[in-house]
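**Q** Just one file: entry-v2.tsv, with TSV, N, CA and C atoms.
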chain	number	residue	atom	x	y	z
G	5	MET	N	2.81	-40.02	-30.05
G	5	MET	CA	3.41	-38.72	-30.28
G	5	MET	C	2.80	-37.67	-29.36
G	6	LYS	N	1.51	-37.71	-29.14
G	6	LYS	CA	0.87	-36.72	-28.28
G	6	LYS	C	1.41	-36.76	-26.85
G	7	PRO	N	1.61	-37.94	-26.24
G	7	PRO	CA	2.16	-37.94	-24.88
G	7	PRO	C	3.55	-37.31	-24.83
G	8	ARG	N	4.34	-37.52	-25.89
G	8	ARG	CA	5.67	-36.93	-25.90
G	8	ARG	C	5.58	-35.41	-25.98
G	9	LEU	N	4.68	-34.88	-26.83
G	9	LEU	CA	4.50	-33.42	-26.92
G	9	LEU	C	4.02	-32.85	-25.59
G	10	LEU	N	3.13	-33.58	-24.94
G	10	LEU	CA	2.63	-33.13	-23.65
G	10	LEU	C	3.78	-33.08	-22.64
G	11	ALA	N	4.62	-34.09	-22.63
G	11	ALA	CA	5.76	-34.11	-21.71
G	11	ALA	C	6.70	-32.95	-21.99
G	12	ILE	N	6.94	-32.65	-23.25
G	12	ILE	CA	7.81	-31.52	-23.61
G	12	ILE	C	7.18	-30.21	-23.15
G	13	ALA	N	5.89	-30.05	-23.39
G	13	ALA	CA	5.19	-28.81	-23.00
G	13	ALA	C	5.24	-28.63	-21.49
G	14	VAL	N	5.02	-29.72	-20.74
G	14	VAL	CA	5.07	-29.64	-19.28
G	14	VAL	C	6.48	-29.27	-18.84
G	15	GLY	N	7.48	-29.88	-19.46
G	15	GLY	CA	8.87	-29.58	-19.11
G	15	GLY	C	9.21	-28.13	-19.36
G	16	VAL	N	8.78	-27.59	-20.49
G	16	VAL	CA	9.03	-26.18	-20.81
G	16	VAL	C	8.32	-25.28	-19.82
G	17	ALA	N	7.07	-25.61	-19.49
G	17	ALA	CA	6.30	-24.78	-18.55
G	17	ALA	C	6.94	-24.79	-17.16
G	18	VAL	N	7.36	-25.95	-16.69
G	18	VAL	CA	7.99	-26.03	-15.38
G	18	VAL	C	9.31	-25.27	-15.38
G	19	GLY	N	10.08	-25.43	-16.44
G	19	GLY	CA	11.35	-24.70	-16.54
G	19	GLY	C	11.14	-23.20	-16.57
G	20	ALA	N	10.15	-22.76	-17.34
G	20	ALA	CA	9.86	-21.33	-17.41
G	20	ALA	C	9.39	-20.80	-16.07
G	21	ALA	N	8.56	-21.57	-15.37
G	21	ALA	CA	8.09	-21.13	-14.05
G	21	ALA	C	9.25	-20.98	-13.10
G	22	GLY	N	10.21	-21.89	-13.17
G	22	GLY	CA	11.39	-21.79	-12.32
G	22	GLY	C	12.20	-20.55	-12.63
G	23	VAL	N	12.34	-20.22	-13.91
G	23	VAL	CA	13.09	-19.02	-14.30
G	23	VAL	C	12.37	-17.77	-13.81
G	24	PHE	N	11.04	-17.72	-13.99
G	24	PHE	CA	10.30	-16.56	-13.54
G	24	PHE	C	10.34	-16.42	-12.03
G	25	ALA	N	10.22	-17.52	-11.31
G	25	ALA	CA	10.28	-17.47	-9.84
G	25	ALA	C	11.65	-16.97	-9.39
G	26	TYR	N	12.71	-17.46	-10.03
G	26	TYR	CA	14.06	-17.02	-9.69
G	26	TYR	C	14.22	-15.53	-9.96
G	27	ASP	N	13.70	-15.07	-11.10
G	27	ASP	CA	13.81	-13.66	-11.45
G	27	ASP	C	13.05	-12.79	-10.46
G	28	ALA	N	11.84	-13.23	-10.08
G	28	ALA	CA	11.05	-12.45	-9.12
G	28	ALA	C	11.77	-12.37	-7.79
G	29	ALA	N	12.34	-13.48	-7.33
G	29	ALA	CA	13.07	-13.46	-6.06
G	29	ALA	C	14.29	-12.55	-6.16
G	30	GLY	N	14.98	-12.62	-7.29
G	30	GLY	CA	16.15	-11.76	-7.50
G	30	GLY	C	15.77	-10.29	-7.52
G	31	GLN	N	14.66	-9.95	-8.15
G	31	GLN	CA	14.20	-8.57	-8.20
G	31	GLN	C	13.83	-8.08	-6.81
G	32	ALA	N	13.17	-8.93	-6.02
G	32	ALA	CA	12.78	-8.53	-4.67
G	32	ALA	C	14.03	-8.27	-3.83
G	33	ALA	N	15.04	-9.11	-4.00
G	33	ALA	CA	16.27	-8.91	-3.24
G	33	ALA	C	16.95	-7.60	-3.64
G	34	LYS	N	16.95	-7.29	-4.92
G	34	LYS	CA	17.55	-6.04	-5.39
G	34	LYS	C	16.80	-4.84	-4.83
G	35	LYS	N	15.46	-4.93	-4.82
G	35	LYS	CA	14.63	-3.83	-4.33
G	35	LYS	C	14.94	-3.52	-2.87
G	36	SER	N	15.08	-4.57	-2.05
G	36	SER	CA	15.25	-4.37	-0.62
G	36	SER	C	16.59	-3.74	-0.28
G	37	LYS	N	17.58	-3.85	-1.16
G	37	LYS	CA	18.91	-3.29	-0.90
G	37	LYS	C	19.00	-1.82	-1.30
G	38	ARG	N	18.03	-1.33	-2.05
G	38	ARG	CA	18.05	0.07	-2.48
G	38	ARG	C	17.62	0.98	-1.34
G	39	ALA	N	18.21	2.14	-1.31
G	39	ALA	CA	17.83	3.13	-0.29
G	39	ALA	C	16.41	3.63	-0.58
G	40	PRO	N	15.62	3.85	0.47
G	40	PRO	CA	14.26	4.36	0.27
G	40	PRO	C	14.28	5.71	-0.45
G	41	THR	N	13.31	5.90	-1.33
G	41	THR	CA	13.20	7.17	-2.04
G	41	THR	C	12.06	8.02	-1.50
G	42	VAL	N	11.20	7.41	-0.67
G	42	VAL	CA	10.06	8.11	-0.10
G	42	VAL	C	10.20	8.12	1.42
G	43	SER	N	10.02	9.28	2.01
G	43	SER	CA	10.14	9.46	3.45
G	43	SER	C	8.76	9.61	4.08
G	44	PHE	N	8.55	8.93	5.20
G	44	PHE	CA	7.27	9.11	5.90
G	44	PHE	C	7.11	10.56	6.34
G	45	LYS	N	8.13	11.09	7.00
G	45	LYS	CA	8.03	12.44	7.56
G	45	LYS	C	7.94	13.53	6.50
G	46	GLU	N	8.68	13.37	5.40
G	46	GLU	CA	8.73	14.43	4.39
G	46	GLU	C	7.70	14.28	3.28
G	47	ASP	N	7.28	13.05	2.98
G	47	ASP	CA	6.40	12.83	1.83
G	47	ASP	C	5.01	12.35	2.21
G	48	VAL	N	4.91	11.41	3.14
G	48	VAL	CA	3.62	10.80	3.47
G	48	VAL	C	2.86	11.60	4.53
G	49	LEU	N	3.52	11.93	5.63
G	49	LEU	CA	2.84	12.65	6.71
G	49	LEU	C	2.22	13.97	6.25
G	50	PRO	N	2.88	14.77	5.41
G	50	PRO	CA	2.22	16.00	4.94
G	50	PRO	C	0.91	15.74	4.17
G	51	ILE	N	0.83	14.62	3.46
G	51	ILE	CA	-0.42	14.28	2.77
G	51	ILE	C	-1.50	14.00	3.81
G	52	PHE	N	-1.16	13.20	4.82
G	52	PHE	CA	-2.12	12.91	5.88
G	52	PHE	C	-2.56	14.17	6.60
G	53	LYS	N	-1.62	15.06	6.90
G	53	LYS	CA	-1.96	16.29	7.61
G	53	LYS	C	-2.88	17.17	6.77
G	54	GLY	N	-2.66	17.20	5.48
G	54	GLY	CA	-3.47	18.04	4.60
G	54	GLY	C	-4.84	17.49	4.29
G	55	ARG	N	-4.99	16.16	4.28
G	55	ARG	CA	-6.24	15.59	3.81
G	55	ARG	C	-6.93	14.62	4.77
G	56	CYS	N	-6.24	14.17	5.82
G	56	CYS	CA	-6.80	13.07	6.61
G	56	CYS	C	-6.93	13.32	8.11
G	57	VAL	N	-6.01	14.11	8.66
G	57	VAL	CA	-5.92	14.26	10.12
G	57	VAL	C	-7.14	14.96	10.72
G	58	GLU	N	-7.81	15.77	9.95
G	58	GLU	CA	-9.00	16.44	10.48
G	58	GLU	C	-10.00	15.42	11.04
G	59	CYS	N	-10.10	14.27	10.38
G	59	CYS	CA	-11.01	13.22	10.85
G	59	CYS	C	-10.29	12.12	11.62
G	60	HIS	N	-9.07	11.80	11.20
G	60	HIS	CA	-8.35	10.66	11.77
G	60	HIS	C	-7.32	11.08	12.80
G	61	ALA	N	-7.83	11.71	13.85
G	61	ALA	CA	-7.06	12.08	15.04
G	61	ALA	C	-8.05	12.01	16.20
G	62	PRO	N	-7.57	11.80	17.42
G	62	PRO	CA	-8.49	11.74	18.56
G	62	PRO	C	-9.47	12.92	18.55
G	63	GLY	N	-10.75	12.60	18.68
G	63	GLY	CA	-11.80	13.60	18.65
G	63	GLY	C	-12.45	13.72	17.27
G	64	GLY	N	-11.79	13.22	16.23
G	64	GLY	CA	-12.34	13.26	14.88
G	64	GLY	C	-13.29	12.11	14.62
G	65	LYS	N	-14.20	12.30	13.69
G	65	LYS	CA	-15.20	11.28	13.38
G	65	LYS	C	-14.55	9.98	12.89
G	66	GLY	N	-13.56	10.10	12.02
G	66	GLY	CA	-12.89	8.91	11.52
G	66	GLY	C	-12.18	8.13	12.60
G	67	PHE	N	-11.60	8.85	13.54
G	67	PHE	CA	-10.93	8.20	14.68
G	67	PHE	C	-11.95	7.49	15.56
G	68	GLU	N	-13.06	8.15	15.82
G	68	GLU	CA	-14.09	7.56	16.68
G	68	GLU	C	-14.66	6.28	16.07
G	69	VAL	N	-14.84	6.27	14.75
G	69	VAL	CA	-15.41	5.10	14.09
G	69	VAL	C	-14.40	3.97	13.95
G	70	SER	N	-13.16	4.32	13.56
G	70	SER	CA	-12.19	3.27	13.22
G	70	SER	C	-11.06	3.10	14.24
G	71	GLY	N	-10.76	4.14	15.00
G	71	GLY	CA	-9.61	4.09	15.89
G	71	GLY	C	-8.30	4.45	15.20
G	72	LEU	N	-8.37	4.86	13.93
G	72	LEU	CA	-7.15	5.17	13.18
G	72	LEU	C	-6.71	6.60	13.43
G	73	ASP	N	-5.48	6.74	13.91
G	73	ASP	CA	-4.87	8.05	14.17
G	73	ASP	C	-3.74	8.26	13.16
G	74	LEU	N	-3.92	9.20	12.25
G	74	LEU	CA	-2.92	9.44	11.21
G	74	LEU	C	-2.00	10.62	11.52
G	75	GLN	N	-1.93	11.03	12.77
G	75	GLN	CA	-1.04	12.13	13.15
G	75	GLN	C	0.42	11.70	13.23
G	76	THR	N	0.65	10.40	13.45
G	76	THR	CA	2.02	9.91	13.66
G	76	THR	C	2.21	8.57	12.96
G	77	TYR	N	3.48	8.22	12.80
G	77	TYR	CA	3.84	6.90	12.26
G	77	TYR	C	3.28	5.80	13.16
G	78	ALA	N	3.46	5.94	14.47
G	78	ALA	CA	2.98	4.93	15.41
G	78	ALA	C	1.47	4.74	15.30
G	79	GLY	N	0.73	5.85	15.16
G	79	GLY	CA	-0.72	5.77	15.02
G	79	GLY	C	-1.13	5.01	13.77
G	80	LEU	N	-0.47	5.29	12.66
G	80	LEU	CA	-0.78	4.60	11.42
G	80	LEU	C	-0.46	3.12	11.53
G	81	MET	N	0.71	2.79	12.06
G	81	MET	CA	1.13	1.40	12.12
G	81	MET	C	0.35	0.60	13.16
G	82	LYS	N	-0.25	1.28	14.13
G	82	LYS	CA	-1.11	0.60	15.10
G	82	LYS	C	-2.34	0.05	14.39
G	83	GLY	N	-2.80	0.77	13.37
G	83	GLY	CA	-3.96	0.32	12.61
G	83	GLY	C	-5.26	0.79	13.20
G	84	THR	N	-6.31	0.03	12.95
G	84	THR	CA	-7.66	0.38	13.39
G	84	THR	C	-8.18	-0.66	14.37
G	85	LYS	N	-9.40	-0.43	14.82
G	85	LYS	CA	-10.09	-1.41	15.67
G	85	LYS	C	-10.26	-2.73	14.92
G	86	PHE	N	-10.22	-2.67	13.60
G	86	PHE	CA	-10.52	-3.81	12.75
G	86	PHE	C	-9.27	-4.53	12.23
G	87	GLY	N	-8.10	-3.94	12.46
G	87	GLY	CA	-6.88	-4.59	12.01
G	87	GLY	C	-5.86	-3.60	11.45
G	88	PRO	N	-4.75	-4.14	10.96
G	88	PRO	CA	-3.68	-3.28	10.44
G	88	PRO	C	-4.09	-2.57	9.16
G	89	MET	N	-3.50	-1.41	8.93
G	89	MET	CA	-3.76	-0.65	7.71
G	89	MET	C	-2.65	-0.82	6.68
G	90	VAL	N	-1.44	-1.10	7.17
G	90	VAL	CA	-0.28	-1.17	6.29
G	90	VAL	C	0.42	-2.51	6.46
G	91	ILE	N	0.71	-3.15	5.34
G	91	ILE	CA	1.56	-4.34	5.32
G	91	ILE	C	2.84	-3.90	4.63
G	92	ALA	N	3.89	-3.72	5.43
G	92	ALA	CA	5.16	-3.23	4.90
G	92	ALA	C	5.62	-4.09	3.73
G	93	GLY	N	5.91	-3.43	2.61
G	93	GLY	CA	6.36	-4.12	1.42
G	93	GLY	C	5.25	-4.58	0.49
G	94	ASP	N	4.00	-4.45	0.91
G	94	ASP	CA	2.86	-4.93	0.12
G	94	ASP	C	1.76	-3.87	0.03
G	95	ALA	N	1.97	-2.91	-0.85
G	95	ALA	CA	0.98	-1.84	-1.00
G	95	ALA	C	-0.35	-2.38	-1.50
G	96	GLN	N	-0.32	-3.31	-2.44
G	96	GLN	CA	-1.55	-3.86	-3.00
G	96	GLN	C	-2.37	-4.57	-1.94
G	97	GLY	N	-1.72	-5.21	-0.99
G	97	GLY	CA	-2.42	-5.94	0.06
G	97	GLY	C	-2.75	-5.10	1.28
G	98	SER	N	-2.30	-3.86	1.31
G	98	SER	CA	-2.54	-2.98	2.46
G	98	SER	C	-3.93	-2.35	2.39
G	99	SER	N	-4.64	-2.42	3.50
G	99	SER	CA	-5.99	-1.84	3.55
G	99	SER	C	-5.96	-0.34	3.25
G	100	LEU	N	-4.91	0.34	3.68
G	100	LEU	CA	-4.81	1.77	3.44
G	100	LEU	C	-4.91	2.08	1.95
G	101	MET	N	-4.19	1.33	1.11
G	101	MET	CA	-4.22	1.61	-0.33
G	101	MET	C	-5.56	1.20	-0.95
G	102	ALA	N	-6.19	0.16	-0.43
G	102	ALA	CA	-7.51	-0.22	-0.94
G	102	ALA	C	-8.50	0.91	-0.70
G	103	LEU	N	-8.42	1.54	0.48
G	103	LEU	CA	-9.32	2.66	0.80
G	103	LEU	C	-9.01	3.88	-0.05
G	104	LEU	N	-7.72	4.19	-0.21
G	104	LEU	CA	-7.33	5.39	-0.95
G	104	LEU	C	-7.51	5.24	-2.46
G	105	ASP	N	-7.35	4.02	-2.97
G	105	ASP	CA	-7.53	3.76	-4.41
G	105	ASP	C	-8.99	3.51	-4.77
G	106	TRP	N	-9.84	3.52	-3.78
G	106	TRP	CA	-11.27	3.30	-3.94
G	106	TRP	C	-11.58	1.92	-4.50
G	107	ARG	N	-10.88	0.91	-3.98
G	107	ARG	CA	-11.14	-0.48	-4.35
G	107	ARG	C	-12.04	-1.14	-3.32
G	108	VAL	N	-12.83	-0.34	-2.63
G	108	VAL	CA	-13.72	-0.80	-1.57
G	108	VAL	C	-15.11	-0.20	-1.79
G	109	ALA	N	-16.06	-0.59	-0.97
G	109	ALA	CA	-17.42	-0.04	-1.06
G	109	ALA	C	-17.38	1.48	-0.92
G	110	GLN	N	-18.27	2.14	-1.62
G	110	GLN	CA	-18.32	3.60	-1.64
G	110	GLN	C	-18.42	4.19	-0.24
G	111	GLN	N	-19.10	3.55	0.67
G	111	GLN	CA	-19.31	4.07	2.02
G	111	GLN	C	-18.01	4.19	2.82
G	112	ILE	N	-16.98	3.43	2.46
G	112	ILE	CA	-15.74	3.46	3.25
G	112	ILE	C	-14.54	3.99	2.47
G	113	ARG	N	-14.76	4.46	1.27
G	113	ARG	CA	-13.66	5.05	0.51
G	113	ARG	C	-13.10	6.27	1.24
G	114	MET	N	-11.80	6.46	1.13
G	114	MET	CA	-11.16	7.60	1.78
G	114	MET	C	-10.45	8.47	0.75
G	115	PRO	N	-10.41	9.76	0.96
G	115	PRO	CA	-11.09	10.50	2.02
G	115	PRO	C	-12.61	10.44	1.83
G	116	HIS	N	-13.29	10.32	2.94
G	116	HIS	CA	-14.74	10.14	2.92
G	116	HIS	C	-15.45	11.44	2.56
G	117	GLY	N	-16.37	11.33	1.60
G	117	GLY	CA	-17.21	12.47	1.25
G	117	GLY	C	-16.52	13.56	0.46
G	118	THR	N	-15.36	13.30	-0.10
G	118	THR	CA	-14.65	14.30	-0.89
G	118	THR	C	-13.94	13.59	-2.04
G	119	LYS	N	-13.23	14.35	-2.86
G	119	LYS	CA	-12.58	13.72	-4.02
G	119	LYS	C	-11.39	12.87	-3.60
G	120	LYS	N	-11.07	11.94	-4.46
G	120	LYS	CA	-9.96	11.01	-4.25
G	120	LYS	C	-8.65	11.77	-4.16
G	121	LEU	N	-7.71	11.25	-3.38
G	121	LEU	CA	-6.36	11.84	-3.36
G	121	LEU	C	-5.79	11.78	-4.78
G	122	SER	N	-4.93	12.71	-5.10
G	122	SER	CA	-4.33	12.72	-6.43
G	122	SER	C	-3.52	11.45	-6.66
G	123	THR	N	-3.35	11.11	-7.91
G	123	THR	CA	-2.52	9.96	-8.26
G	123	THR	C	-1.12	10.11	-7.69
G	124	CYS	N	-0.59	11.31	-7.75
G	124	CYS	CA	0.74	11.59	-7.23
G	124	CYS	C	0.82	11.31	-5.73
G	125	ASP	N	-0.16	11.76	-4.97
G	125	ASP	CA	-0.18	11.52	-3.52
G	125	ASP	C	-0.34	10.04	-3.22
G	126	ARG	N	-1.25	9.37	-3.92
G	126	ARG	CA	-1.45	7.95	-3.69
G	126	ARG	C	-0.21	7.15	-4.07
G	127	ASP	N	0.46	7.54	-5.13
G	127	ASP	CA	1.69	6.85	-5.54
G	127	ASP	C	2.81	7.05	-4.53
G	128	ALA	N	2.89	8.22	-3.92
G	128	ALA	CA	3.90	8.46	-2.89
G	128	ALA	C	3.67	7.51	-1.71
G	129	ILE	N	2.43	7.40	-1.28
G	129	ILE	CA	2.10	6.50	-0.17
G	129	ILE	C	2.36	5.05	-0.58
G	130	ARG	N	1.95	4.69	-1.79
G	130	ARG	CA	2.15	3.33	-2.31
G	130	ARG	C	3.65	2.97	-2.33
G	131	HIS	N	4.48	3.87	-2.84
G	131	HIS	CA	5.92	3.60	-2.91
G	131	HIS	C	6.54	3.52	-1.51
G	132	TRP	N	6.07	4.35	-0.61
G	132	TRP	CA	6.56	4.28	0.77
G	132	TRP	C	6.27	2.90	1.37
G	133	ILE	N	5.07	2.39	1.15
G	133	ILE	CA	4.72	1.07	1.65
G	133	ILE	C	5.58	0.01	0.98
G	134	GLU	N	5.73	0.08	-0.33
G	134	GLU	CA	6.52	-0.89	-1.07
G	134	GLU	C	7.99	-0.89	-0.63
G	135	GLU	N	8.47	0.26	-0.20
G	135	GLU	CA	9.86	0.37	0.26
G	135	GLU	C	10.03	-0.06	1.71
G	136	GLY	N	8.99	-0.59	2.30
G	136	GLY	CA	9.09	-1.14	3.65
G	136	GLY	C	8.36	-0.37	4.72
G	137	ALA	N	7.65	0.70	4.37
G	137	ALA	CA	6.86	1.48	5.34
G	137	ALA	C	7.71	1.88	6.54
G	138	LEU	N	8.85	2.48	6.27
G	138	LEU	CA	9.80	2.84	7.33
G	138	LEU	C	9.39	4.12	8.06
G	139	ASP	N	9.84	4.23	9.30
G	139	ASP	CA	9.64	5.45	10.08
G	139	ASP	C	10.83	6.36	9.78
G	140	ASN	N	10.80	6.95	8.60
G	140	ASN	CA	11.94	7.77	8.15
G	140	ASN	C	11.51	9.18	7.79
What do you get writing this file as structure tokens?
**A**
Amino acid sequence: MKPRLLAIAVGVAVGAAGVFAYDAAGQAAKKSKRAPTVSFKEDVLPIFKGRCVECHAPGGKGFEVSGLDLQTYAGLMKGTKFGPMVIAGDAQGSSLMALLDWRVAQQIRMPHGTKKLSTCDRDAIRHWIEEGALDN
């Protein structure tokens, strides 16, 4: 009887995993067809200009250390000396969000030496990345 119960449990688990995988793929497809709600130029760039560009532009300390220029979309997408900052569609996996959410060592949290960006500002950047990190 136990082997039969085990077989049933495995069958249910495999079936459920298939349903969840199908649903996740379907949700991702639906997300990608929606028009972006966050604009780089109107929503994200003003945050960078207000809180980040002082250091992360040529001549700034952050630029000198990392090579990250946050004055433009091209500068952000170029990344740093150490690699990309944004993975389009993957805010959780993007280094930019790890730094802004303070999921990194205290020495490299951004903005450096000041308070964390507001939840609202970080969520705007997060949603922009999740929507594909478009130059819009």
**Q** Just want the 8 Å neighbourhood of Gly71 of chain G, counted on only N, CA and C atoms, with same-chain residues fewer than 2 positions away dropped. Output as a list of chain:residue names.
**A**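 Everything that qualifies: G:His60, G:Ala61, G:Pro62, G:Lys65, G:Gly66, G:Phe67, G:Glu68, G:Val69, G:Asp73, G:Leu74, G:Gly79, G:Lys82, G:Gly83, G:Thr84, G:Lys85, G:Phe86.
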**Q** Considering only C-alpha atoms, state which residue in the set G:Ala128, G:Val90, G:Ala137, G:Ile51 is at the smallest distance from Gln75 of chain G.
**A** G:Ile51
**Q** Could you work out how far atom N of Ala39 of chain G lies from atom N of Leu80 of chain G, giving the answer in Å with one decimal?
**A** 23.5 Å
**Q** Enter the distance from atom C of Phe52 of chain G to atom N of Thr76 of chain G, in Å, rounded to one decimal.
**A**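 Atom-to-atom, atom C of Phe52 of chain G and atom N of Thr76 of chain G are spaced 8.5 Å apart.
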**Q** Give me, as a VMD selection string, all polymer residues having an atom no more than 10 Å from Asp105 of chain G, counting only C-alpha atoms and skipping those fewer than 2 positions away in the same chain.
**A** chain G and resid 96 99 to 103 107 to 108 113 to 115 120 to 123 126 to 127 130
**Q** Write the residues of the preceding selection, restricted to N, CA and C atoms, as a short mmCIF file (atom, residue, chain, number, x, y, z; two decimals), in the coordinates of the input.
**A**
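File produced: result_29.cif:
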data_model
loop_
_atom_site.label_atom_id
_atom_site.label_comp_id
_atom_site.auth_asym_id
_atom_site.auth_seq_id
_atom_site.Cartn_x
_atom_site.Cartn_y
_atom_site.Cartn_z
N GLN G 96 -0.32 -3.31 -2.44
CA GLN G 96 -1.55 -3.86 -3.00
C GLN G 96 -2.37 -4.57 -1.94
N SER G 99 -4.64 -2.42 3.50
CA SER G 99 -5.99 -1.84 3.55
C SER G 99 -5.96 -0.34 3.25
N LEU G 100 -4.91 0.34 3.68
CA LEU G 100 -4.81 1.77 3.44
C LEU G 100 -4.91 2.08 1.95
N MET G 101 -4.19 1.33 1.11
CA MET G 101 -4.22 1.61 -0.33
C MET G 101 -5.56 1.20 -0.95
N ALA G 102 -6.19 0.16 -0.43
CA ALA G 102 -7.51 -0.22 -0.94
C ALA G 102 -8.50 0.91 -0.70
N LEU G 103 -8.42 1.54 0.48
CA LEU G 103 -9.32 2.66 0.80
C LEU G 103 -9.01 3.88 -0.05
N ARG G 107 -10.88 0.91 -3.98
CA ARG G 107 -11.14 -0.48 -4.35
C ARG G 107 -12.04 -1.14 -3.32
N VAL G 108 -12.83 -0.34 -2.63
CA VAL G 108 -13.72 -0.80 -1.57
C VAL G 108 -15.11 -0.20 -1.79
N ARG G 113 -14.76 4.46 1.27
CA ARG G 113 -13.66 5.05 0.51
C ARG G 113 -13.10 6.27 1.24
N MET G 114 -11.80 6.46 1.13
CA MET G 114 -11.16 7.60 1.78
C MET G 114 -10.45 8.47 0.75
N PRO G 115 -10.41 9.76 0.96
CA PRO G 115 -11.09 10.50 2.02
C PRO G 115 -12.61 10.44 1.83
N LYS G 120 -11.07 11.94 -4.46
CA LYS G 120 -9.96 11.01 -4.25
C LYS G 120 -8.65 11.77 -4.16
N LEU G 121 -7.71 11.25 -3.38
CA LEU G 121 -6.36 11.84 -3.36
C LEU G 121 -5.79 11.78 -4.78
N SER G 122 -4.93 12.71 -5.10
CA SER G 122 -4.33 12.72 -6.43
C SER G 122 -3.52 11.45 -6.66
N THR G 123 -3.35 11.11 -7.91
CA THR G 123 -2.52 9.96 -8.26
C THR G 123 -1.12 10.11 -7.69
N ARG G 126 -1.25 9.37 -3.92
CA ARG G 126 -1.45 7.95 -3.69
C ARG G 126 -0.21 7.15 -4.07
N ASP G 127 0.46 7.54 -5.13
CA ASP G 127 1.69 6.85 -5.54
C ASP G 127 2.81 7.05 -4.53
N ARG G 130 1.95 4.69 -1.79
CA ARG G 130 2.15 3.33 -2.31
C ARG G 130 3.65 2.97 -2.33
#
**Q** How far is it from atom C of Ser98 of chain G to atom CA of Ile129 of chain G, in Å with one decimal?
**A**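 Here the two named atoms are 11.0 Å from each other.
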**Q** From the set G:Ile91, G:Met81, G:Cys56, G:Leu104, which residue has the shortest atom-to-atom contact distance to Ile133 of chain G, counting only N, CA and C atoms?
**A**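 Residue with the minimum atom-to-atom distance to Ile133 of chain G: G:Ile91.
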**Q** First collect every listed atom of segment 112-121 of chain G; then fit an axis-aligned box around them, widen it by 6 Å on each side, and give centre and edge lengths in Å to one decimal, as JSON.
**A**
{"center_x": -11.5, "center_y": 8.9, "center_z": -0.8, "size_x": 23.4, "size_y": 22.9, "size_z": 20.0}
